[in-house]
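Data file: input.tsv. Format and content: TSV, C-alpha atoms and all ligand atoms.
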```tsv
chain	number	residue	atom	x	y	z
A	1	MET	CA	-3.50	11.99	4.52
A	2	LEU	CA	-6.55	9.81	4.55
A	3	GLN	CA	-6.27	6.27	5.90
A	4	SER	CA	-9.76	4.90	6.56
A	5	ALA	CA	-11.57	1.92	5.09
A	6	LEU	CA	-14.84	3.57	6.18
A	7	VAL	CA	-14.24	6.70	4.08
A	8	PRO	CA	-13.76	5.00	0.73
A	9	ALA	CA	-12.22	6.82	-2.23
A	10	GLY	CA	-12.08	3.83	-4.56
A	11	VAL	CA	-14.52	1.38	-6.16
A	12	GLU	CA	-13.19	-1.69	-4.32
A	13	ALA	CA	-13.03	0.08	-0.95
A	14	ALA	CA	-16.62	1.32	-1.43
A	15	GLU	CA	-17.85	-2.26	-1.95
A	16	VAL	CA	-15.92	-3.45	1.09
A	17	ALA	CA	-17.33	-0.56	3.17
A	18	THR	CA	-20.90	-1.40	2.05
A	19	LEU	CA	-20.32	-5.07	2.91
A	20	THR	CA	-19.05	-3.97	6.33
A	21	TRP	CA	-22.16	-1.90	7.04
A	22	VAL	CA	-24.46	-4.70	5.84
A	23	LEU	CA	-22.74	-7.11	8.24
A	24	VAL	CA	-22.83	-4.59	11.13
A	25	ALA	CA	-26.53	-3.82	10.58
A	26	GLY	CA	-27.38	-7.53	10.23
A	27	ALA	CA	-25.42	-8.41	13.38
A	28	ALA	CA	-27.20	-5.59	15.28
A	29	VAL	CA	-30.65	-6.89	14.24
A	30	ILE	CA	-29.77	-10.47	15.23
A	31	TRP	CA	-28.30	-9.25	18.53
A	32	LEU	CA	-31.55	-7.38	19.30
A	33	ILE	CA	-33.63	-10.51	18.50
A	34	VAL	CA	-31.47	-12.73	20.76
A	35	ILE	CA	-31.37	-10.25	23.66
A	36	GLY	CA	-35.09	-9.45	23.21
A	37	THR	CA	-35.99	-13.15	23.34
A	38	THR	CA	-33.79	-13.63	26.42
A	39	VAL	CA	-35.35	-10.69	28.28
A	40	TYR	CA	-38.83	-11.91	27.27
A	41	ALA	CA	-38.09	-15.44	28.57
A	42	ILE	CA	-36.59	-14.23	31.87
A	43	ARG	CA	-38.84	-11.28	32.72
A	44	PHE	CA	-42.20	-11.96	31.10
A	45	ARG	CA	-42.61	-15.74	30.59
A	46	PRO	CA	-40.32	-17.40	33.14
A	47	GLU	CA	-42.44	-20.60	33.28
A	48	ALA	CA	-41.44	-23.83	31.48
A	49	HIS	CA	-42.39	-24.22	27.78
A	50	SER	CA	-43.62	-27.35	26.05
A	51	LYS	CA	-41.04	-29.76	24.58
A	52	ARG	CA	-42.44	-29.15	21.05
A	53	LEU	CA	-42.00	-25.38	21.29
A	54	ALA	CA	-38.45	-25.78	22.62
A	55	GLN	CA	-37.51	-28.17	19.79
A	56	GLY	CA	-39.10	-25.88	17.20
A	57	LEU	CA	-37.10	-22.90	18.54
A	58	ILE	CA	-33.84	-24.84	18.31
A	59	LEU	CA	-34.63	-26.08	14.80
A	60	ILE	CA	-35.55	-22.64	13.43
A	61	GLY	CA	-33.35	-20.37	15.55
A	62	GLY	CA	-30.34	-22.71	15.74
A	63	ILE	CA	-30.25	-24.33	12.29
A	64	VAL	CA	-32.58	-22.85	9.66
A	65	PHE	CA	-32.04	-19.17	10.45
A	66	PRO	CA	-28.18	-19.24	10.69
A	67	THR	CA	-27.95	-21.40	7.54
A	68	LEU	CA	-30.07	-18.94	5.53
A	69	VAL	CA	-28.28	-15.85	6.87
A	70	LEU	CA	-24.76	-17.24	6.39
A	71	ALA	CA	-25.60	-18.55	2.90
A	72	GLY	CA	-27.01	-15.13	1.96
A	73	VAL	CA	-23.90	-13.34	3.22
A	74	LEU	CA	-21.66	-15.87	1.42
A	75	PHE	CA	-23.39	-15.31	-1.94
A	76	TYR	CA	-23.33	-11.55	-1.45
A	77	GLY	CA	-19.59	-11.72	-0.72
A	78	LEU	CA	-18.87	-14.01	-3.70
A	79	ARG	CA	-20.84	-11.72	-6.00
A	80	LEU	CA	-18.37	-8.90	-5.21
A	81	LEU	CA	-15.28	-10.90	-6.20
A	82	PRO	CA	-15.52	-10.71	-10.03
A	83	ASP	CA	-15.74	-6.90	-9.78
A	84	PHE	CA	-12.53	-6.87	-7.78
A	85	ARG	CA	-10.76	-8.80	-10.52
A	86	ALA	CA	-12.26	-7.05	-13.55
A	87	PRO	CA	-9.69	-6.22	-16.28
A	88	ALA	CA	-7.56	-3.13	-15.91
A	89	HIS	CA	-6.79	-0.66	-18.68
A	90	GLY	CA	-4.82	1.98	-16.79
A	91	PRO	CA	-1.12	1.97	-15.89
A	92	ARG	CA	0.60	-1.21	-14.81
A	93	ILE	CA	2.63	-1.18	-11.68
A	94	ALA	CA	4.76	-3.77	-9.92
A	95	VAL	CA	5.42	-3.30	-6.22
A	96	SER	CA	7.93	-5.27	-4.19
A	97	GLY	CA	7.82	-5.34	-0.40
A	98	GLU	CA	11.34	-4.77	0.89
A	99	ARG	CA	12.61	-4.49	4.46
A	100	PHE	CA	11.14	-1.95	5.22
A	101	TRP	CA	10.15	0.03	2.16
A	102	TRP	CA	8.44	-0.36	-1.20
A	103	ARG	CA	10.08	-0.74	-4.60
A	104	VAL	CA	7.69	0.59	-7.24
A	105	ARG	CA	7.97	0.04	-11.00
A	106	TYR	CA	5.77	1.51	-13.71
A	107	ALA	CA	5.81	-0.64	-16.85
A	108	ALA	CA	6.97	1.03	-20.06
A	109	ASP	CA	4.54	0.85	-23.02
A	110	ASP	CA	6.57	-1.90	-24.73
A	111	GLU	CA	6.49	-3.98	-21.55
A	112	LYS	CA	2.72	-4.00	-21.11
A	113	LYS	CA	2.20	-6.75	-23.67
A	114	ASP	CA	4.50	-9.09	-21.72
A	115	TRP	CA	2.82	-8.16	-18.50
A	116	SER	CA	2.95	-11.20	-16.26
A	117	ALA	CA	4.89	-12.63	-13.39
A	118	THR	CA	8.04	-12.73	-15.50
A	119	PHE	CA	7.86	-8.95	-15.95
A	120	ILE	CA	9.29	-8.49	-12.51
A	121	ASP	CA	12.59	-10.19	-13.33
A	122	THR	CA	12.93	-9.19	-16.95
A	123	ALA	CA	11.69	-5.60	-17.17
A	124	LYS	CA	14.38	-3.11	-18.10
A	125	ASN	CA	12.63	-0.07	-19.47
A	126	GLY	CA	10.04	0.85	-16.87
A	127	THR	CA	10.30	3.68	-14.40
A	128	THR	CA	11.45	2.79	-10.92
A	129	THR	CA	10.66	4.80	-7.85
A	130	ALA	CA	10.04	4.04	-4.18
A	131	ASN	CA	7.55	4.53	-1.37
A	132	GLU	CA	5.19	6.65	-3.45
A	133	ILE	CA	2.51	5.48	-5.85
A	134	HIS	CA	0.71	7.80	-8.25
A	135	LEU	CA	-2.59	6.73	-9.82
A	136	PRO	CA	-4.90	8.40	-12.34
A	137	VAL	CA	-8.45	8.89	-11.04
A	138	ASN	CA	-11.29	6.70	-12.40
A	139	GLU	CA	-8.97	4.24	-14.16
A	140	ARG	CA	-8.51	0.61	-13.30
A	141	THR	CA	-4.84	0.13	-12.48
A	142	GLU	CA	-3.29	-3.30	-12.15
A	143	VAL	CA	-0.71	-3.80	-9.43
A	144	LEU	CA	1.51	-6.89	-9.23
A	145	LEU	CA	2.71	-7.61	-5.71
A	146	TYR	CA	5.65	-9.69	-4.60
A	147	SER	CA	8.46	-9.83	-2.09
A	148	PRO	CA	12.05	-11.09	-2.24
A	149	ASP	CA	12.22	-12.47	1.31
A	150	VAL	CA	9.51	-12.07	3.96
A	151	ILE	CA	5.73	-11.70	3.72
A	152	HIS	CA	4.27	-8.19	3.69
A	153	SER	CA	0.72	-7.08	3.02
A	154	PHE	CA	-0.13	-4.22	0.69
A	155	TRP	CA	-3.05	-2.13	1.95
A	156	ILE	CA	-4.42	1.25	0.94
A	157	PRO	CA	-7.51	1.31	3.21
A	158	ALA	CA	-9.26	4.15	1.35
A	159	LEU	CA	-8.86	2.46	-2.05
A	160	ALA	CA	-9.14	-1.33	-1.72
A	161	GLY	CA	-8.75	-4.39	0.45
A	162	LYS	CA	-5.37	-5.77	1.43
A	163	ILE	CA	-3.38	-8.44	-0.39
A	164	ASP	CA	-0.29	-10.29	0.83
A	165	MET	CA	3.09	-9.98	-0.87
A	166	ILE	CA	4.54	-13.47	-0.74
A	167	PRO	CA	8.07	-14.59	-1.68
A	168	GLY	CA	7.99	-16.95	-4.66
A	169	ARG	CA	4.63	-15.85	-6.00
A	170	VAL	CA	3.02	-12.83	-7.64
A	171	ASN	CA	-0.35	-11.55	-6.45
A	172	ARG	CA	-2.55	-9.24	-8.46
A	173	LEU	CA	-4.61	-6.32	-7.23
A	174	VAL	CA	-6.80	-3.97	-9.23
A	175	LEU	CA	-7.36	-0.43	-7.96
A	176	GLU	CA	-9.88	2.08	-9.22
A	177	PRO	CA	-9.64	5.31	-7.23
A	178	SER	CA	-12.72	7.51	-7.54
A	179	LYS	CA	-11.54	10.70	-5.80
A	180	VAL	CA	-8.50	12.88	-6.33
A	181	GLY	CA	-6.47	13.10	-3.14
A	182	VAL	CA	-3.57	11.82	-1.07
A	183	TYR	CA	-3.99	8.54	0.75
A	184	ARG	CA	-1.86	6.52	3.09
A	185	GLY	CA	-0.94	2.92	2.41
A	186	VAL	CA	0.51	0.58	5.01
A	187	CYS	CA	2.08	-2.81	5.46
A	188	ALA	CA	-0.58	-4.97	7.11
A	189	GLU	CA	1.44	-8.09	7.90
A	190	PHE	CA	4.09	-8.25	10.59
A	191	CYS	CA	7.40	-8.41	8.72
A	192	GLY	CA	10.07	-7.44	11.24
A	193	THR	CA	11.26	-4.75	13.63
A	194	SER	CA	10.18	-1.79	11.49
A	195	HIS	CA	6.89	-3.25	10.25
A	196	THR	CA	4.97	-0.26	11.64
A	197	ARG	CA	7.37	2.16	9.93
A	198	MET	CA	6.70	0.78	6.49
A	199	ALA	CA	4.02	2.98	4.96
A	200	PHE	CA	3.68	4.75	1.61
A	201	ASP	CA	2.00	7.74	0.03
A	202	VAL	CA	-0.62	7.29	-2.67
A	203	ILE	CA	-1.37	10.31	-4.83
A	204	VAL	CA	-4.51	10.10	-6.97
A	205	SER	CA	-4.59	12.80	-9.64
A	206	SER	CA	-6.18	13.64	-12.98
A	207	ARG	CA	-4.86	11.83	-16.08
A	208	PRO	CA	-2.88	14.88	-17.35
A	209	ASP	CA	-1.27	15.41	-13.93
A	210	PHE	CA	-0.44	11.72	-13.74
A	211	ASP	CA	1.12	11.74	-17.23
A	212	ARG	CA	3.21	14.78	-16.32
A	213	TRP	CA	4.41	13.07	-13.14
A	214	LEU	CA	5.30	9.81	-14.89
A	215	ALA	CA	7.12	11.62	-17.73
A	216	ALA	CA	9.18	13.55	-15.16
A	217	GLN	CA	9.96	10.39	-13.18
A	218	SER	CA	11.08	8.51	-16.28
A	219	ARG	CA	13.70	11.13	-17.15
A	220	PRO	CA	17.21	10.64	-15.78
A	221	ALA	CA	18.35	12.97	-13.00
A	222	ARG	CA	20.09	16.22	-13.87
A	223	ILE	CA	23.53	15.60	-12.43
A	224	ASP	CA	25.85	18.45	-11.52
A	225	SER	CA	29.05	16.57	-10.71
A	226	ALA	CA	30.70	19.71	-9.35
A	227	ARG	CA	28.44	19.74	-6.31
A	228	PRO	CA	30.13	18.68	-3.05
A	229	GLY	CA	27.10	16.55	-2.13
A	230	TYR	CA	27.43	14.55	-5.34
A	231	ARG	CA	31.11	13.94	-4.69
A	232	SER	CA	30.48	12.85	-1.08
A	233	PHE	CA	27.67	10.53	-2.20
A	234	MET	CA	29.99	8.79	-4.65
A	235	ALA	CA	33.02	8.79	-2.32
A	236	ASN	CA	31.15	7.18	0.60
A	237	GLY	CA	29.82	4.17	-1.26
A	238	CYS	CA	26.15	5.24	-1.39
A	239	ALA	CA	26.06	4.24	-5.07
A	240	ALA	CA	26.63	0.59	-4.15
A	241	CYS	CA	23.07	0.38	-2.84
A	242	HIS	CA	21.19	3.24	-4.50
A	243	ALA	CA	20.56	3.92	-8.17
A	244	ILE	CA	20.36	7.43	-9.58
A	245	ARG	CA	19.57	7.22	-13.28
A	246	GLY	CA	21.87	9.50	-15.27
A	247	SER	CA	24.78	8.96	-12.86
A	248	ALA	CA	27.22	6.14	-12.14
A	249	ALA	CA	25.07	5.06	-9.16
A	250	LYS	CA	23.50	1.73	-10.13
A	251	GLY	CA	22.92	-0.05	-6.80
A	252	GLN	CA	19.74	-2.08	-6.53
A	253	VAL	CA	19.73	-2.90	-2.81
A	254	GLY	CA	18.03	0.28	-1.58
A	255	PRO	CA	15.43	2.68	-2.97
A	256	ASP	CA	16.02	4.38	-6.34
A	257	LEU	CA	16.87	8.02	-5.58
A	258	THR	CA	16.68	9.48	-9.10
A	259	HIS	CA	13.89	11.93	-8.19
A	260	ILE	CA	13.96	11.72	-4.40
A	261	GLY	CA	13.52	15.50	-4.15
A	262	SER	CA	10.05	15.17	-5.71
A	263	ARG	CA	8.73	12.79	-3.05
A	264	ARG	CA	6.50	13.89	-0.20
A	265	SER	CA	8.23	11.81	2.44
A	266	ILE	CA	11.36	9.78	3.14
A	267	GLY	CA	11.97	6.50	4.96
A	268	ALA	CA	8.69	4.97	3.62
A	269	SER	CA	6.32	7.73	4.77
A	270	LEU	CA	8.27	8.09	8.03
A	271	LEU	CA	9.47	11.71	7.82
A	272	VAL	CA	8.45	14.75	5.81
A	273	ASN	CA	10.90	15.14	2.94
A	274	ASN	CA	13.16	18.15	3.55
A	275	PRO	CA	16.93	18.67	3.75
A	276	GLN	CA	16.98	18.51	7.59
A	277	ASN	CA	15.20	15.15	7.68
A	278	LEU	CA	17.30	13.78	4.80
A	279	MET	CA	20.38	14.65	6.84
A	280	ARG	CA	18.93	13.03	9.98
A	281	PHE	CA	18.06	9.90	8.05
A	282	ILE	CA	21.49	9.54	6.43
A	283	ALA	CA	23.22	10.02	9.81
A	284	ALA	CA	21.17	7.45	11.77
A	285	PRO	CA	18.73	5.41	9.68
A	286	ASP	CA	18.91	2.44	12.06
A	287	HIS	CA	17.89	4.73	14.92
A	288	LEU	CA	14.84	6.00	13.01
A	289	LYS	CA	14.01	2.57	11.59
A	290	PRO	CA	15.45	-0.31	13.61
A	291	GLY	CA	16.48	-3.31	11.55
A	292	ILE	CA	16.88	-1.65	8.16
A	293	ALA	CA	19.76	-2.61	5.88
A	294	MET	CA	21.21	0.89	5.55
A	295	PRO	CA	24.14	1.64	7.88
A	296	GLY	CA	24.40	4.99	9.67
A	297	TYR	CA	26.77	7.66	8.37
A	298	ASP	CA	27.20	9.66	11.56
A	299	MET	CA	30.97	9.38	11.14
A	300	LEU	CA	30.71	12.00	8.39
A	301	SER	CA	31.08	15.65	9.39
A	302	PRO	CA	27.87	17.71	9.63
A	303	PRO	CA	28.88	19.86	6.62
A	304	GLU	CA	29.41	16.73	4.54
A	305	LEU	CA	26.05	15.25	5.64
A	306	ARG	CA	24.40	18.59	4.90
A	307	ALA	CA	25.95	18.65	1.44
A	308	ILE	CA	24.69	15.14	0.59
A	309	ALA	CA	21.20	15.99	1.87
A	310	ALA	CA	21.15	19.25	-0.11
A	311	TRP	CA	22.21	17.48	-3.27
A	312	LEU	CA	19.60	14.70	-2.90
A	313	TRP	CA	16.95	17.36	-2.16
A	314	SER	CA	17.86	18.99	-5.51
A	315	LEU	CA	17.03	15.79	-7.44
A	316	GLU	CA	13.45	16.67	-8.30
B	401	LIG	CU1	6.22	-5.06	5.70
B	401	LIG	CU2	4.98	-5.39	7.69
```

Structure re-expressed in structure tokens:
Amino acid sequence: MLQSALVPAGVEAAEVATLTWVLVAGAAVIWLIVIGTTVYAIRFRPEAHSKRLAQGLILIGGIVFPTLVLAGVLFYGLRLLPDFRAPAHGPRIAVSGERFWWRVRYAADDEKKDWSATFIDTAKNGTTTANEIHLPVNERTEVLLYSPDVIHSFWIPALAGKIDMIPGRVNRLVLEPSKVGVYRGVCAEFCGTSHTRMAFDVIVSSRPDFDRWLAAQSRPARIDSARPGYRSFMANGCAACHAIRGSAAKGQVGPDLTHIGSRRSIGASLLVNNPQNLMRFIAAPDHLKPGIAMPGYDMLSPPELRAIAAWLWSLE
């Protein structure tokens, strides 16, 4: 999984990477001039210079040159900003930074016209998932970012710069991935004990693959209520915090688990998604991720834990 701002796979990240290299190259040239002048003054012309020459050096080297360079860099940086905010025509996504995971909502077609800050509280028909974001390649996708309690920062280094998720306000980010692939996103603002264990997977695919994924995610889960894992899930109160569309589980506190079996990882990109890790996570989530809201279920018997994990794994 790629996580490097210097190997860009998106339009915004490419501009940021170019800006980085321009600054590094410029700083290297200036460093060479300063060190070269110093060596020249110490080794080759150690005698005193005239007052006029000294004043001229300070005026040009200390005022004129930095003013021109910094103004040039400022205008270059400002010129990039409109591109970063250019209108988006692709899917619309709202992401909420939770402790310590990501709530992800894809707007339904009828919600796109009311797309604004109020969408986050009023939307009912979109598709909710967690800790995994799918994007179609070469399309500008608008992402609304917010948080219910503490500040997080949403950063997919290979695709774009980072933007804070701030309680009480909605920030906007536009992403235009240019290469199909799997990328890693992270939280880039200290938000609590499991800040470093709050990552997510970003899957950039072709438009048809993306449409297939979104259609599958928007369907309710296929529930087989005869399965022991389903019965244990309901009997142990899991449904109070987790929603599984198509079942009686409607909790909104934790991640939506409707299609958890389809995700690459669990625990916000913490563990590879498989039945063994699902079982581990359910038994001791606070051990794997200190400070999270989910209590451990290690009081359940191993067969019961295994049954819940197997059932969740089947929700593709
Ligand atoms: Cu969320 Cu750091």

For Tyr106 in chain A, which residue out of A:Leu6, A:Val29, A:Leu70, A:Ala215 is the nearest one, using all atoms listed in the file? A:Ala215

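A distance cut-off of 10 Å from ligand LIG 401 (chain B), applied to all atoms listed in the file, picks out the residues Gly97, Glu98, Arg99, Phe100, Trp101, Trp102, Ser147, Val150, Ile151, His152, Ser153, Phe154, Asp164, Met165, Val186, Cys187, Ala188, Glu189, Phe190, Cys191, Gly192, Thr193, Ser194, His195, Thr196, Arg197, Met198 and Ala199 of chain A.
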
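Residues surrounding Cys238 in chain A within 10 Å are A:Ser232, A:Ala249, A:Lys250, A:Gly251, A:Gly254, A:Met294 [only C-alpha atoms; sequence separation below 6 positions excluded].
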
Ranking A:Ile282, A:Leu81, A:Ala268, A:Ile244 by minimum distance to Tyr230 in chain A and counting only C-alpha atoms, which one comes first?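 With only C-alpha atoms as the atom set, the closest residue is A:Ile244.
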
Which one is closest to Gln276 in chain A: A:Met299, A:Val64, A:Val73, A:Ala310? Count all atoms listed in the file.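 Of A:Met299, A:Val64, A:Val73, A:Ala310, the one nearest Gln276 in chain A is A:Ala310, counting all atoms listed in the file.
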
When you draw a straight line from CA of Ala14 in chain A to CA of Glu139 in chain A, how long is it in Å? 15.1 Å

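Take CA of Ala94 in chain A and CA of Arg172 in chain A: the distance between them is 9.2 Å.
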
Within 7 Å of Ala5 in chain A, counting all atoms listed in the file, which residues qualify if same-chain residues fewer than 6 places away don't, as a PDB file with C-alpha atoms, keeping the file's coordinate frame?
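File result_8.pdb, as written:
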```pdb
ATOM      1  CA  ALA A  13     -13.030   0.080  -0.950  1.00  0.00           C
ATOM      2  CA  ALA A  17     -17.330  -0.560   3.170  1.00  0.00           C
ATOM      3  CA  PRO A 157      -7.510   1.310   3.210  1.00  0.00           C
ATOM      4  CA  ALA A 158      -9.260   4.150   1.350  1.00  0.00           C
TER       5      ALA A 158
END
```

Expressed in Å to a single decimal, how great is the separation between CA of Val202 in chain A and CA of Gly181 in chain A?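 CA of Gly181 in chain A lies at a distance of 8.3 Å from CA of Val202 in chain A.
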
Counting all atoms listed in the file, the option among A:Ser178, A:Ser247, A:Ser314, A:Ser218 closest to Leu278 in chain A: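 Result for the nearest residue to Leu278 in chain A: A:Ser314.
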
Got a sec: who's within 12 Å of Pro66 in chain A, counting all atoms listed in the file, leaving out chain neighbours fewer than 6 positions off, as a PDB file with C-alpha atoms, in the frame of the given file?
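Output contents, as saved in out.pdb:
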```pdb
ATOM      1  CA  GLY A  26     -27.380  -7.530  10.230  1.00  0.00           C
ATOM      2  CA  ALA A  27     -25.420  -8.410  13.380  1.00  0.00           C
ATOM      3  CA  ILE A  30     -29.770 -10.470  15.230  1.00  0.00           C
ATOM      4  CA  ILE A  58     -33.840 -24.840  18.310  1.00  0.00           C
ATOM      5  CA  LEU A  59     -34.630 -26.080  14.800  1.00  0.00           C
ATOM      6  CA  ILE A  60     -35.550 -22.640  13.430  1.00  0.00           C
ATOM      7  CA  GLY A  72     -27.010 -15.130   1.960  1.00  0.00           C
ATOM      8  CA  VAL A  73     -23.900 -13.340   3.220  1.00  0.00           C
ATOM      9  CA  LEU A  74     -21.660 -15.870   1.420  1.00  0.00           C
TER      10      LEU A  74
END
```

Sel. within 9 Å of pt (14.3, 11.1, -17.3), counting only C-alpha atoms, output as an MDAnalysis selection string: chainID A and resid 127 215:222 245:246 258

Contacts of range 166-171 of chain A at 6 Å (all atoms listed in the file; same-chain gap of 4+ positions) as number ranges by chain: A: 144-149, 151

Quick one: everything within 10 Å of Asn236 in chain A, counting only C-alpha atoms, minus sequence neighbours fewer than 4 positions away in the same chain. Send it as an NGL selection string. :A and (231-232 or 240 or 297 or 300)

Go through A:Val174, A:Gly126, A:Pro295, A:Gly161 and flag the residue nearest Gly237 in chain A, using only C-alpha atoms for the distances.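 When distances to Gly237 in chain A are compared using only C-alpha atoms, the smallest one comes from A:Pro295.
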
Could you work out an axis-aligned bounding box for all listed atoms of range 100-106 of chain A, with 4 Å added on each of the six sides, and give its centre and edge lengths in Å to one decimal, as lines of an AutoDock Vina configuration file?
```
center_x = 8.5
center_y = -0.2
center_z = -4.2
size_x = 13.4
size_y = 11.5
size_z = 26.9
```

Pick from A:Leu19, A:Leu271, A:Leu159, A:Ile133: nearest to Tyr76 in chain A, with all atoms listed in the file counted?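 Closest candidate: A:Leu19.
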